[in-house]
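Undergrad: For reference, this is coords-v4.cif, and it has mmCIF, C-alpha atoms.
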data_run
loop_
_atom_site.label_atom_id
_atom_site.label_comp_id
_atom_site.auth_asym_id
_atom_site.auth_seq_id
_atom_site.Cartn_x
_atom_site.Cartn_y
_atom_site.Cartn_z
CA MET A 1 -106.36 10.06 -291.84
CA VAL A 2 -104.63 9.38 -288.52
CA GLU A 3 -103.60 5.94 -289.76
CA LYS A 4 -102.18 7.50 -292.98
CA ILE A 5 -100.07 10.01 -291.03
CA LEU A 6 -98.80 7.27 -288.70
CA GLU A 7 -97.92 5.23 -291.78
CA ASN A 8 -96.45 7.87 -294.11
CA GLY A 9 -95.84 11.07 -292.07
CA THR A 10 -92.55 12.55 -290.89
CA PRO A 11 -91.34 11.60 -287.37
CA LYS A 12 -92.50 15.03 -286.11
CA GLN A 13 -95.99 14.58 -287.66
CA LYS A 14 -96.23 11.06 -286.16
CA GLU A 15 -95.29 12.40 -282.70
CA LYS A 16 -97.92 15.15 -282.94
CA VAL A 17 -100.67 12.68 -283.88
CA LYS A 18 -99.73 10.44 -280.95
CA GLU A 19 -99.88 13.46 -278.61
CA TYR A 20 -103.36 14.44 -279.91
CA ALA A 21 -104.52 10.84 -279.52
CA ARG A 22 -103.27 10.79 -275.92
CA ILE A 23 -105.07 14.05 -275.07
CA ALA A 24 -108.26 12.94 -276.85
CA GLY A 25 -108.15 9.70 -274.88
CA GLN A 26 -107.80 11.61 -271.63
CA ILE A 27 -110.77 13.81 -272.54
CA ARG A 28 -112.83 10.75 -273.47
CA GLY A 29 -111.87 9.14 -270.19
CA GLN A 30 -112.79 12.28 -268.25
CA ARG A 31 -116.09 12.50 -270.13
CA GLN A 32 -116.84 8.88 -269.29
CA TYR A 33 -115.88 9.41 -265.65
CA LEU A 34 -118.01 12.57 -265.47
CA SER A 35 -120.90 10.73 -267.11
CA GLU A 36 -120.60 7.91 -264.56
CA LEU A 37 -120.40 10.44 -261.72
CA THR A 38 -123.46 12.26 -263.07
CA LYS A 39 -125.36 8.97 -263.29
CA LYS A 40 -124.36 8.11 -259.70
CA ALA A 41 -125.28 11.60 -258.49
CA GLN A 42 -128.66 11.38 -260.25
CA ALA A 43 -129.29 7.99 -258.71
CA ALA A 44 -128.27 9.20 -255.25
CA ALA A 45 -130.56 12.20 -255.71
CA GLY A 46 -133.51 9.83 -255.96
CA GLN A 47 -133.84 8.73 -259.56
CA LYS A 48 -134.79 5.13 -260.06
CA ASN A 49 -132.85 3.13 -262.58
CA ARG A 50 -134.50 -0.16 -263.46
CA LEU A 51 -132.80 -2.72 -265.67
CA VAL A 52 -134.57 -5.93 -266.63
CA TYR A 53 -132.56 -8.77 -268.15
CA ASP A 54 -133.50 -12.11 -269.64
CA ALA A 55 -131.56 -15.25 -268.68
CA GLU A 56 -133.17 -16.99 -271.68
CA ASN A 57 -133.78 -20.11 -269.55
CA GLY A 58 -130.12 -20.37 -268.57
CA SER A 59 -128.34 -19.52 -265.33
CA ASN A 60 -125.93 -16.78 -266.44
CA LEU A 61 -126.67 -13.52 -264.65
CA PRO A 62 -127.70 -10.89 -265.43
CA GLY A 63 -128.34 -12.11 -269.02
CA THR A 64 -129.51 -10.03 -271.99
CA LEU A 65 -130.85 -6.52 -271.32
CA LYS A 66 -134.51 -6.26 -272.34
CA ARG A 67 -135.80 -3.04 -270.79
CA SER A 68 -134.07 -0.02 -269.26
CA GLU A 69 -135.42 2.89 -267.25
CA GLY A 70 -137.85 5.02 -269.25
CA GLU A 71 -138.26 2.58 -272.11
CA ALA A 72 -141.71 1.58 -273.34
CA PRO A 73 -143.28 -1.76 -272.33
CA THR A 74 -141.88 -4.71 -274.27
CA GLY A 75 -145.17 -6.61 -274.37
CA GLU A 76 -143.53 -9.52 -272.60
CA ASN A 77 -145.27 -10.20 -269.28
CA ALA A 78 -142.31 -11.23 -267.12
CA VAL A 79 -140.11 -8.33 -268.31
CA ASP A 80 -142.81 -5.69 -267.89
CA GLU A 81 -144.02 -7.05 -264.54
CA ALA A 82 -140.47 -7.01 -263.16
CA TYR A 83 -140.05 -3.44 -264.42
CA GLU A 84 -143.35 -2.27 -262.91
CA GLY A 85 -142.88 -4.21 -259.67
CA THR A 86 -139.40 -2.89 -259.00
CA GLY A 87 -140.71 0.61 -259.76
CA ALA A 88 -143.58 0.19 -257.31
CA THR A 89 -141.14 -1.00 -254.63
CA TYR A 90 -138.77 1.89 -255.30
CA ASP A 91 -141.70 4.32 -255.06
CA LEU A 92 -142.89 3.02 -251.69
CA TYR A 93 -139.43 3.32 -250.17
CA SER A 94 -138.81 6.71 -251.80
CA ASP A 95 -142.22 8.37 -251.30
CA VAL A 96 -142.98 7.07 -247.82
CA PHE A 97 -139.60 6.47 -246.18
CA SER A 98 -137.41 8.88 -248.23
CA ARG A 99 -135.10 6.01 -249.08
CA SER A 100 -133.10 6.08 -252.28
CA SER A 101 -133.31 2.50 -253.58
CA VAL A 102 -132.20 -0.69 -251.84
CA ASP A 103 -128.95 0.69 -250.42
CA ASN A 104 -130.22 4.26 -249.87
CA GLN A 105 -127.52 5.30 -252.35
CA GLY A 106 -129.53 4.93 -255.55
CA LEU A 107 -128.48 1.37 -256.38
CA ASP A 108 -129.62 0.21 -259.84
CA LEU A 109 -132.59 -2.15 -259.58
CA ILE A 110 -131.50 -5.15 -261.59
CA SER A 111 -133.86 -8.03 -262.31
CA THR A 112 -133.38 -11.17 -264.36
CA VAL A 113 -136.43 -13.06 -265.63
CA HIS A 114 -136.78 -16.45 -267.35
CA TYR A 115 -134.15 -17.97 -265.07
CA LEU A 116 -133.64 -21.67 -265.89
CA VAL A 117 -136.52 -23.90 -267.06
CA GLY A 118 -139.44 -24.68 -264.76
CA TYR A 119 -137.82 -22.75 -261.94
CA ASP A 120 -140.42 -22.37 -259.16
CA ASN A 121 -138.79 -19.58 -257.22
CA ALA A 122 -137.60 -15.99 -256.94
CA PHE A 123 -134.66 -14.75 -254.90
CA TRP A 124 -132.36 -11.83 -254.10
CA ASN A 125 -128.74 -12.90 -254.64
CA GLY A 126 -127.12 -10.01 -252.80
CA ASP A 127 -126.87 -7.83 -255.90
CA GLN A 128 -130.02 -8.36 -257.94
CA MET A 129 -133.35 -10.13 -258.18
CA VAL A 130 -133.88 -13.39 -260.02
CA PHE A 131 -137.27 -14.69 -261.14
CA GLY A 132 -138.29 -18.09 -262.45
CA ASP A 133 -141.15 -18.79 -264.85
CA GLY A 134 -142.78 -21.30 -262.51
CA ASP A 135 -144.32 -24.10 -264.51
CA GLU A 136 -145.32 -22.01 -267.51
CA ASN A 137 -143.33 -24.43 -269.70
CA LEU A 138 -145.84 -27.18 -268.84
CA PRO A 139 -149.41 -27.75 -270.04
CA GLU A 140 -151.86 -25.79 -267.86
CA ALA A 141 -153.32 -28.92 -266.26
CA GLU A 142 -149.88 -29.89 -264.88
CA ARG A 143 -148.89 -26.54 -263.44
CA ILE A 144 -148.38 -25.83 -259.75
CA PHE A 145 -146.82 -22.37 -259.99
CA ASN A 146 -147.32 -19.45 -262.33
CA ARG A 147 -144.44 -17.08 -263.13
CA PHE A 148 -143.01 -15.35 -260.05
CA THR A 149 -143.24 -11.81 -261.38
CA ILE A 150 -147.03 -12.10 -261.36
CA ALA A 151 -147.27 -10.85 -257.75
CA VAL A 152 -145.98 -7.36 -256.99
CA ASP A 153 -145.60 -8.22 -253.29
CA ILE A 154 -143.14 -10.98 -254.21
CA ILE A 155 -141.02 -8.40 -256.01
CA GLY A 156 -141.29 -6.10 -252.98
CA HIS A 157 -140.40 -9.06 -250.74
CA GLU A 158 -137.21 -9.87 -252.67
CA LEU A 159 -136.05 -6.25 -252.89
CA THR A 160 -136.66 -5.84 -249.17
CA HIS A 161 -134.16 -8.65 -248.53
CA GLY A 162 -131.73 -6.19 -250.12
CA VAL A 163 -132.85 -3.37 -247.83
CA THR A 164 -132.43 -5.63 -244.78
CA GLN A 165 -128.98 -6.62 -246.04
CA TYR A 166 -127.94 -2.95 -246.04
CA GLU A 167 -129.61 -2.17 -242.68
CA ALA A 168 -129.95 -4.64 -239.77
CA ASN A 169 -128.46 -7.44 -241.89
CA LEU A 170 -130.45 -10.00 -239.91
CA VAL A 171 -128.77 -13.41 -239.84
CA TYR A 172 -130.80 -15.78 -242.03
CA ARG A 173 -131.32 -18.46 -239.43
CA ASN A 174 -133.76 -19.18 -236.56
CA GLN A 175 -135.61 -16.16 -235.13
CA SER A 176 -133.43 -13.49 -236.73
CA GLY A 177 -133.96 -15.27 -240.06
CA ALA A 178 -137.72 -15.46 -239.48
CA LEU A 179 -137.65 -11.72 -238.73
CA ASN A 180 -135.72 -11.19 -241.97
CA GLU A 181 -138.46 -13.09 -243.82
CA SER A 182 -141.24 -11.28 -241.97
CA ILE A 183 -139.81 -7.86 -242.77
CA SER A 184 -139.76 -8.83 -246.45
CA ASP A 185 -143.41 -9.91 -246.19
CA VAL A 186 -144.37 -6.71 -244.35
CA PHE A 187 -142.86 -4.38 -246.95
CA GLY A 188 -143.85 -6.65 -249.84
CA SER A 189 -147.46 -6.39 -248.67
CA LEU A 190 -147.10 -2.64 -248.18
CA VAL A 191 -145.86 -2.28 -251.78
CA LYS A 192 -149.06 -3.99 -252.97
CA GLN A 193 -151.28 -1.95 -250.64
CA HIS A 194 -149.55 1.27 -251.78
CA VAL A 195 -150.10 0.39 -255.45
CA GLU A 196 -153.73 -0.49 -254.85
CA GLU A 197 -154.27 2.42 -252.43
CA GLN A 198 -155.75 0.10 -249.84
CA THR A 199 -156.21 0.81 -246.14
CA ALA A 200 -155.27 -1.88 -243.61
CA ASP A 201 -158.81 -3.18 -243.40
CA GLN A 202 -159.20 -3.29 -247.19
CA ALA A 203 -155.98 -5.25 -247.83
CA ASP A 204 -156.02 -9.04 -248.23
CA TRP A 205 -152.69 -9.48 -246.35
CA ILE A 206 -151.90 -12.44 -248.60
CA ILE A 207 -148.34 -12.88 -249.85
CA GLY A 208 -148.06 -14.20 -253.40
CA ALA A 209 -151.70 -14.12 -254.50
CA GLY A 210 -151.77 -15.50 -258.04
CA ILE A 211 -148.49 -17.41 -257.71
CA PHE A 212 -150.24 -20.79 -257.58
CA SER A 213 -152.06 -22.14 -260.61
CA GLU A 214 -155.75 -22.97 -260.47
CA ASN A 215 -154.85 -26.65 -259.97
CA ILE A 216 -153.78 -25.96 -256.40
CA ASN A 217 -156.02 -25.21 -253.43
CA ALA A 218 -154.28 -22.02 -252.35
CA ILE A 219 -154.84 -18.29 -252.02
CA GLY A 220 -151.13 -17.49 -251.85
CA ILE A 221 -147.95 -18.65 -250.17
CA ARG A 222 -148.56 -16.98 -246.80
CA SER A 223 -151.32 -15.15 -244.97
CA MET A 224 -150.27 -12.37 -242.59
CA LYS A 225 -153.83 -12.04 -241.31
CA ALA A 226 -154.29 -15.75 -240.59
CA PRO A 227 -150.92 -17.56 -240.69
CA GLY A 228 -151.30 -21.24 -241.53
CA THR A 229 -154.31 -20.84 -243.84
CA ALA A 230 -152.77 -19.87 -247.21
CA TYR A 231 -152.82 -23.33 -248.78
CA ASP A 232 -153.88 -26.91 -248.16
CA ASP A 233 -153.46 -29.27 -251.07
CA PRO A 234 -152.52 -32.97 -251.45
CA LEU A 235 -149.62 -32.04 -253.73
CA ILE A 236 -147.94 -29.34 -251.68
CA GLY A 237 -149.29 -30.06 -248.20
CA ALA A 238 -150.72 -27.56 -245.73
CA ASP A 239 -149.41 -24.12 -244.78
CA PRO A 240 -147.30 -24.76 -241.63
CA GLN A 241 -147.11 -21.18 -240.30
CA PRO A 242 -147.95 -20.46 -236.66
CA GLY A 243 -149.49 -17.14 -235.64
CA HIS A 244 -148.64 -17.33 -231.93
CA MET A 245 -145.56 -18.15 -229.82
CA ARG A 246 -147.31 -21.13 -228.22
CA ASP A 247 -147.22 -22.79 -231.66
CA TYR A 248 -143.59 -21.85 -232.44
CA VAL A 249 -142.01 -24.56 -234.58
CA ASP A 250 -138.61 -25.83 -233.44
CA THR A 251 -136.94 -27.21 -236.53
CA THR A 252 -133.56 -27.42 -238.21
CA SER A 253 -134.97 -27.41 -241.73
CA ASP A 254 -135.64 -24.17 -243.61
CA ASN A 255 -132.66 -22.60 -241.78
CA GLY A 256 -134.48 -23.07 -238.50
CA GLY A 257 -137.96 -22.36 -239.82
CA VAL A 258 -137.39 -18.90 -241.30
CA HIS A 259 -140.39 -19.27 -243.64
CA ILE A 260 -142.46 -20.95 -240.92
CA ASN A 261 -142.10 -18.89 -237.76
CA SER A 262 -142.20 -15.63 -239.71
CA GLY A 263 -145.97 -16.07 -239.32
CA ILE A 264 -145.66 -14.82 -235.73
CA PRO A 265 -144.13 -11.36 -236.43
CA ASN A 266 -146.27 -11.17 -239.59
CA LYS A 267 -149.40 -11.52 -237.48
CA ALA A 268 -148.04 -8.97 -234.99
CA PHE A 269 -147.63 -6.44 -237.81
CA TYR A 270 -151.12 -7.17 -239.12
CA ASN A 271 -152.52 -6.68 -235.58
CA VAL A 272 -150.71 -3.34 -235.19
CA ALA A 273 -151.65 -2.02 -238.65
CA THR A 274 -155.33 -2.89 -238.32
CA GLU A 275 -155.57 -1.48 -234.79
CA ILE A 276 -154.02 1.82 -235.89
CA GLY A 277 -156.15 1.82 -239.06
CA GLY A 278 -155.77 3.86 -242.25
CA TYR A 279 -152.93 3.22 -244.69
CA ALA A 280 -150.61 0.68 -243.08
CA TRP A 281 -147.46 2.21 -244.55
CA GLU A 282 -148.05 5.57 -242.87
CA LYS A 283 -147.64 4.58 -239.23
CA ALA A 284 -147.16 0.84 -238.68
CA GLY A 285 -144.86 0.70 -241.75
CA LEU A 286 -142.84 3.68 -240.55
CA ILE A 287 -142.43 2.13 -237.08
CA TRP A 288 -141.16 -1.14 -238.61
CA TYR A 289 -138.91 0.69 -241.10
CA LYS A 290 -137.28 2.86 -238.43
CA SER A 291 -136.80 -0.19 -236.21
CA LEU A 292 -135.12 -2.06 -239.07
CA CYS A 293 -132.76 0.85 -239.82
CA ASP A 294 -131.97 2.17 -236.34
CA GLU A 295 -132.70 -0.47 -233.71
CA LEU A 296 -132.43 -4.08 -234.82
CA THR A 297 -129.08 -5.87 -234.80
CA GLN A 298 -127.97 -8.90 -236.84
CA SER A 299 -129.02 -11.42 -234.19
CA ALA A 300 -132.28 -9.78 -233.14
CA ASP A 301 -135.01 -12.18 -232.06
CA PHE A 302 -138.79 -11.67 -231.87
CA GLN A 303 -138.52 -10.17 -228.39
CA ALA A 304 -135.94 -7.65 -229.62
CA ALA A 305 -138.24 -6.72 -232.52
CA ALA A 306 -141.17 -6.24 -230.14
CA ASN A 307 -139.00 -4.07 -227.87
CA ALA A 308 -137.62 -2.06 -230.78
CA THR A 309 -140.98 -1.34 -232.42
CA TYR A 310 -142.51 -0.41 -229.06
CA LYS A 311 -139.63 1.98 -228.37
CA VAL A 312 -139.78 3.53 -231.86
CA ALA A 313 -143.56 3.95 -231.63
CA GLY A 314 -143.00 5.90 -228.40
CA GLU A 315 -140.35 8.08 -230.03
CA LEU A 316 -142.45 8.79 -233.12
CA TYR A 317 -145.89 9.24 -231.60
CA GLY A 318 -145.29 9.62 -227.85
CA ASN A 319 -145.30 7.24 -224.90
CA ASN A 320 -148.75 5.82 -224.19
CA SER A 321 -149.93 7.12 -227.58
CA THR A 322 -152.61 5.19 -229.46
CA GLU A 323 -149.91 3.98 -231.86
CA GLN A 324 -147.61 2.72 -229.09
CA LYS A 325 -150.51 0.93 -227.42
CA ALA A 326 -151.35 -0.70 -230.76
CA VAL A 327 -147.76 -1.97 -231.01
CA TYR A 328 -147.98 -3.38 -227.48
CA ASN A 329 -151.31 -5.05 -228.17
CA GLY A 330 -150.16 -6.39 -231.54
CA TRP A 331 -147.22 -8.23 -230.03
CA GLU A 332 -149.08 -9.29 -226.90
CA LYS A 333 -151.70 -11.04 -229.05
CA VAL A 334 -148.97 -13.26 -230.53
CA GLY A 335 -147.53 -14.06 -227.10
CA ILE A 336 -144.71 -11.50 -226.83
CA ILE A 337 -144.75 -8.64 -224.33
CA PRO A 338 -142.77 -5.60 -225.55
CA ASN A 339 -140.36 -4.09 -223.07
CA ALA A 340 -139.24 -0.57 -223.88
CA ASP A 341 -136.51 -0.42 -221.21
CA THR A 342 -134.40 -3.25 -222.52
CA ASN A 343 -133.98 -3.87 -226.19
CA THR A 344 -131.85 -6.96 -226.47
CA GLY A 345 -130.82 -7.33 -222.84
CA CYS A 346 -131.05 -10.73 -221.21
CA PHE A 347 -132.96 -9.71 -218.05
CA GLY A 348 -135.61 -7.88 -220.04
CA THR A 349 -136.15 -10.90 -222.25
CA ILE A 350 -136.47 -13.28 -219.28
CA LEU A 351 -138.86 -10.91 -217.51
CA SER A 352 -140.98 -10.55 -220.63
CA THR A 353 -141.05 -14.32 -221.14
CA ILE A 354 -142.24 -14.85 -217.56
CA ARG A 355 -144.91 -12.19 -218.07
CA SER A 356 -145.86 -13.79 -221.35
CA ILE A 357 -146.24 -17.29 -219.82
CA PHE A 358 -148.20 -15.81 -216.89
CA GLY A 359 -150.42 -13.92 -219.33
CA GLN A 360 -151.10 -17.03 -221.42
CA ARG A 361 -152.12 -19.10 -218.40
CA ASN A 362 -154.63 -16.48 -217.39
CA SER A 363 -156.04 -15.92 -220.85
CA MET B 1 -142.68 -24.11 -248.39
CA ILE B 2 -141.38 -27.55 -247.51
CA THR B 3 -142.27 -30.59 -249.57
CA GLU B 4 -141.26 -34.18 -248.83
CA ILE B 5 -140.99 -36.68 -251.64
CA GLU B 6 -140.44 -40.39 -250.99
CA ILE B 7 -139.54 -42.76 -253.80
CA ASP B 8 -139.38 -46.50 -253.22
CA SER B 9 -137.88 -48.51 -256.07
CA LYS B 10 -140.36 -51.30 -255.26
CA ASP B 11 -143.08 -49.04 -256.65
CA LEU B 12 -141.25 -48.38 -259.93
CA ASP B 13 -141.27 -50.38 -263.14
CA THR B 14 -138.09 -52.12 -264.30
CA TYR B 15 -137.13 -49.37 -266.75
CA GLU B 16 -137.45 -46.66 -264.07
CA VAL B 17 -135.48 -48.72 -261.53
CA GLU B 18 -132.63 -49.01 -264.02
CA HIS B 19 -132.84 -45.30 -264.79
CA LEU B 20 -132.72 -44.46 -261.07
CA LYS B 21 -129.82 -46.83 -260.46
CA THR B 22 -127.85 -45.22 -263.28
CA MET B 23 -128.44 -41.75 -261.84
CA ILE B 24 -127.47 -42.86 -258.33
CA ASN B 25 -124.29 -44.49 -259.62
CA ARG B 26 -123.39 -41.42 -261.68
CA SER B 27 -124.02 -39.10 -258.72
CA ASP B 28 -121.70 -41.27 -256.58
CA ILE B 29 -123.80 -40.08 -253.66
CA PHE B 30 -122.49 -42.68 -251.19
CA ASN B 31 -118.90 -41.52 -251.65
CA LEU B 32 -119.59 -37.82 -252.10
CA ALA B 33 -117.71 -35.50 -249.74
CA GLU B 34 -119.89 -33.30 -247.54
CA PRO B 35 -120.57 -30.16 -249.64
CA VAL B 36 -119.08 -26.94 -248.29
CA LYS B 37 -121.79 -24.65 -246.97
CA ASN B 38 -121.52 -20.90 -247.40
CA SER B 39 -121.57 -19.04 -244.11
CA SER B 40 -123.95 -16.43 -245.53
CA ILE B 41 -127.14 -17.94 -246.88
CA MET B 42 -128.97 -16.24 -249.72
CA PRO B 43 -132.59 -15.59 -248.78
CA ASP B 44 -135.26 -17.70 -250.44
CA GLN B 45 -132.92 -20.06 -252.26
CA PHE B 46 -133.86 -23.73 -252.43
CA GLN B 47 -132.48 -26.16 -249.91
CA TYR B 48 -132.46 -29.91 -250.34
CA LYS B 49 -132.16 -32.71 -247.83
CA ILE B 50 -131.55 -36.03 -249.55
CA SER B 51 -131.76 -39.32 -247.66
CA MET B 52 -130.89 -42.45 -249.59
CA GLN B 53 -130.81 -46.14 -248.75
CA GLN B 54 -129.47 -48.79 -251.10
CA ASP B 55 -128.38 -52.35 -250.29
CA GLY B 56 -127.95 -51.61 -246.61
CA ARG B 57 -126.05 -48.38 -247.19
CA LYS B 58 -127.41 -45.01 -246.03
CA ARG B 59 -126.50 -41.44 -246.93
CA GLU B 60 -127.91 -38.06 -245.94
CA LEU B 61 -126.95 -34.81 -247.60
CA ASP B 62 -127.92 -31.21 -246.81
CA LEU B 63 -127.50 -28.94 -249.80
CA ASN B 64 -128.07 -25.30 -250.61
CA GLU B 65 -129.00 -24.45 -254.17
CA GLU B 66 -125.59 -23.02 -254.96
CA ASN B 67 -123.56 -25.97 -253.67
CA VAL B 68 -125.39 -28.80 -255.46
CA PRO B 69 -122.73 -30.74 -257.41
CA ASP B 70 -123.50 -30.89 -261.14
CA HIS B 71 -123.73 -34.68 -261.17
CA LEU B 72 -126.46 -34.57 -258.49
CA ARG B 73 -128.70 -32.12 -260.37
CA ASN B 74 -130.22 -34.79 -262.63
CA LEU B 75 -131.14 -36.90 -259.62
CA ILE B 76 -132.73 -33.91 -257.85
CA THR B 77 -134.68 -32.96 -261.00
CA TYR B 78 -135.91 -36.57 -261.26
CA ILE B 79 -137.04 -36.63 -257.62
CA LEU B 80 -138.83 -33.28 -257.96
CA LYS B 81 -140.64 -34.47 -261.09
CA LYS B 82 -141.79 -37.65 -259.34
CA GLY B 83 -143.11 -35.52 -256.48
CA ARG B 84 -145.30 -33.53 -258.83
CA LYS B 85 -147.52 -36.49 -259.64
CA LYS B 86 -150.53 -36.78 -257.35
#
Take the structure I supplied and represent it as structure tokens, if you would.

TA:
Amino acid sequence: MVEKILENGTPKQKEKVKEYARIAGQIRGQRQYLSELTKKAQAAAGQKNRLVYDAENGSNLPGTLKRSEGEAPTGENAVDEAYEGTGATYDLYSDVFSRSSVDNQGLDLISTVHYLVGYDNAFWNGDQMVFGDGDENLPEAERIFNRFTIAVDIIGHELTHGVTQYEANLVYRNQSGALNESISDVFGSLVKQHVEEQTADQADWIIGAGIFSENINAIGIRSMKAPGTAYDDPLIGADPQPGHMRDYVDTTSDNGGVHINSGIPNKAFYNVATEIGGYAWEKAGLIWYKSLCDELTQSADFQAAANATYKVAGELYGNNSTEQKAVYNGWEKVGIIPNADTNTGCFGTILSTIRSIFGQRNS
Amino acid sequence: MITEIEIDSKDLDTYEVEHLKTMINRSDIFNLAEPVKNSSIMPDQFQYKISMQQDGRKRELDLNEENVPDHLRNLITYILKKGRKK
């Protein structure tokens, strides 16, 4: 009808229709804006919004939308695992740490599955998660990796890179990079423990259980309980992670060993969580989370992390509390002596290093 | 996880040597400019270190996943496939 009037109406009628169209457009625009604001407000208020896309074996992100928040399972493993895994990660951060999504502002949790062909990896690209299918395009006998959505702790690991990005923003190189990796392992493992309702002594502390196919001699990609023991196979080599500062690996590869030396703070967290006992997310997890958000800086090293967690444990549970002693012991066992007085200061670090060397010689 | 894969053309059959030579020539690896590295590294992305020797020439390249030139991807895929065979 509008088209007819614009075609055949009098100049006055045409003008009126244009005016109505302009007003209607404004109202539509306002409605859209209000709808977007409502969505943002809902998200900020703590509603999770998961979106799982399919790259259909290409590299364009995010790809084709396959499942949105509240929709029923699709029956496709990778899509449903990404949906459930991101939900489990959101729930840990929300229920335990009162955090609203990755950015604490209700950011949409976007995942893309089926990225490229034979892609043996998963990563956080600064905005979303990306998951490869591993070797599921190959005959079973030739596979090294299964799909990367298979392990909920891997999903928690990748999303935690996002949390770190919005908090301490640890530089992804050398010790700060290894801390970045370790924090992703810590909260990835806590996501799994939270889902399975496991206490610290019940958990396996393995990162990526189920990622390797049965052709490989491996229990996962890393062990927080016993760094360096996750895999040993002629095809992929042996797990190179150290679990103590005396075995620290000086290297330029892997951005200065970020996936290697992360074994040291991983073991420290395991030590602390098992000494405190109970559910690891309740106390040890809270100490690490608060340290990540309030204490650590971009260039923090292992010593700074030990100092920060020791300080935070004192603030949360009291100086000389069982929890603070557990933090001290946990770091000491990996060769780092926490120093509550100095967080990142040079003198404190030197003093702690001297104490640490002295301690090692007498142990 | 770090894996090292070494391929020596002496161990390859004639067809594979030709295939490898073609890929190396197409990649122009010996004349390739040093790829620009992003200052911020994306966590968990692949990194490649390629060392190549051919007729007395040597070349080493450090690459992040996002700065691999298109004409090098085939060569990298080939190397990774060779490394999968026990």

Undergrad: Translate the PyMOL selection byres ((chain A) within 9 of (chain B)) into a concrete residue list for this structure, as number ranges by chain.

TA: A: 121-126, 142, 144, 158, 161, 171-173, 177, 180-181, 221, 234-237, 239-240, 253-255, 259-260

Undergrad: Pull out every residue that the PyMOL selection byres ((chain B and resi 13-25) around 9) matches in the shown coordinates and put them as a ChimeraX atom specification.

TA: /B:9-12,26-30,71-72,74-75,78

Undergrad: Could you check how far atom CA of A:Trp331 sits from atom CA of A:Ala306, in Å to one decimal?

TA: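 Here the two named atoms are 6.4 Å from each other.
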
Undergrad: Carefully work through the PyMOL selection byres ((chain A and resi 84) around 12) for this structure and note down the residues it includes, as a PDB file with C-alpha atoms, keeping the file's coordinate frame.

TA:
ATOM      1  CA  LYS A  48    -134.790   5.130-260.060  1.00  0.00           C
ATOM      2  CA  ASN A  49    -132.850   3.130-262.580  1.00  0.00           C
ATOM      3  CA  ARG A  50    -134.500  -0.160-263.460  1.00  0.00           C
ATOM      4  CA  LEU A  51    -132.800  -2.720-265.670  1.00  0.00           C
ATOM      5  CA  VAL A  52    -134.570  -5.930-266.630  1.00  0.00           C
ATOM      6  CA  ARG A  67    -135.800  -3.040-270.790  1.00  0.00           C
ATOM      7  CA  SER A  68    -134.070  -0.020-269.260  1.00  0.00           C
ATOM      8  CA  GLU A  69    -135.420   2.890-267.250  1.00  0.00           C
ATOM      9  CA  GLY A  70    -137.850   5.020-269.250  1.00  0.00           C
ATOM     10  CA  GLU A  71    -138.260   2.580-272.110  1.00  0.00           C
ATOM     11  CA  ALA A  72    -141.710   1.580-273.340  1.00  0.00           C
ATOM     12  CA  PRO A  73    -143.280  -1.760-272.330  1.00  0.00           C
ATOM     13  CA  THR A  74    -141.880  -4.710-274.270  1.00  0.00           C
ATOM     14  CA  ASN A  77    -145.270 -10.200-269.280  1.00  0.00           C
ATOM     15  CA  ALA A  78    -142.310 -11.230-267.120  1.00  0.00           C
ATOM     16  CA  VAL A  79    -140.110  -8.330-268.310  1.00  0.00           C
ATOM     17  CA  ASP A  80    -142.810  -5.690-267.890  1.00  0.00           C
ATOM     18  CA  GLU A  81    -144.020  -7.050-264.540  1.00  0.00           C
ATOM     19  CA  ALA A  82    -140.470  -7.010-263.160  1.00  0.00           C
ATOM     20  CA  TYR A  83    -140.050  -3.440-264.420  1.00  0.00           C
ATOM     21  CA  GLY A  85    -142.880  -4.210-259.670  1.00  0.00           C
ATOM     22  CA  THR A  86    -139.400  -2.890-259.000  1.00  0.00           C
ATOM     23  CA  GLY A  87    -140.710   0.610-259.760  1.00  0.00           C
ATOM     24  CA  ALA A  88    -143.580   0.190-257.310  1.00  0.00           C
ATOM     25  CA  THR A  89    -141.140  -1.000-254.630  1.00  0.00           C
ATOM     26  CA  TYR A  90    -138.770   1.890-255.300  1.00  0.00           C
ATOM     27  CA  ASP A  91    -141.700   4.320-255.060  1.00  0.00           C
ATOM     28  CA  LEU A 109    -132.590  -2.150-259.580  1.00  0.00           C
ATOM     29  CA  SER A 111    -133.860  -8.030-262.310  1.00  0.00           C
ATOM     30  CA  THR A 149    -143.240 -11.810-261.380  1.00  0.00           C
ATOM     31  CA  ILE A 150    -147.030 -12.100-261.360  1.00  0.00           C
ATOM     32  CA  ALA A 151    -147.270 -10.850-257.750  1.00  0.00           C
ATOM     33  CA  VAL A 152    -145.980  -7.360-256.990  1.00  0.00           C
ATOM     34  CA  ASP A 153    -145.600  -8.220-253.290  1.00  0.00           C
ATOM     35  CA  ILE A 155    -141.020  -8.400-256.010  1.00  0.00           C
ATOM     36  CA  GLY A 156    -141.290  -6.100-252.980  1.00  0.00           C
ATOM     37  CA  VAL A 191    -145.860  -2.280-251.780  1.00  0.00           C
ATOM     38  CA  LYS A 192    -149.060  -3.990-252.970  1.00  0.00           C
ATOM     39  CA  VAL A 195    -150.100   0.390-255.450  1.00  0.00           C
TER      40      VAL A 195
END

Undergrad: Provide the atom CA of A:Ala308 to atom CA of A:Asn339 distance in Å, to one decimal place.

TA: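 Taking atom CA of A:Ala308 as the start and atom CA of A:Asn339 as the end point, the length is 8.4 Å.
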
Undergrad: Have a look at atom CA of B:Arg73 and atom CA of B:Arg59 and let me know their distance in Å, one decimal.

TA: 16.5 Å
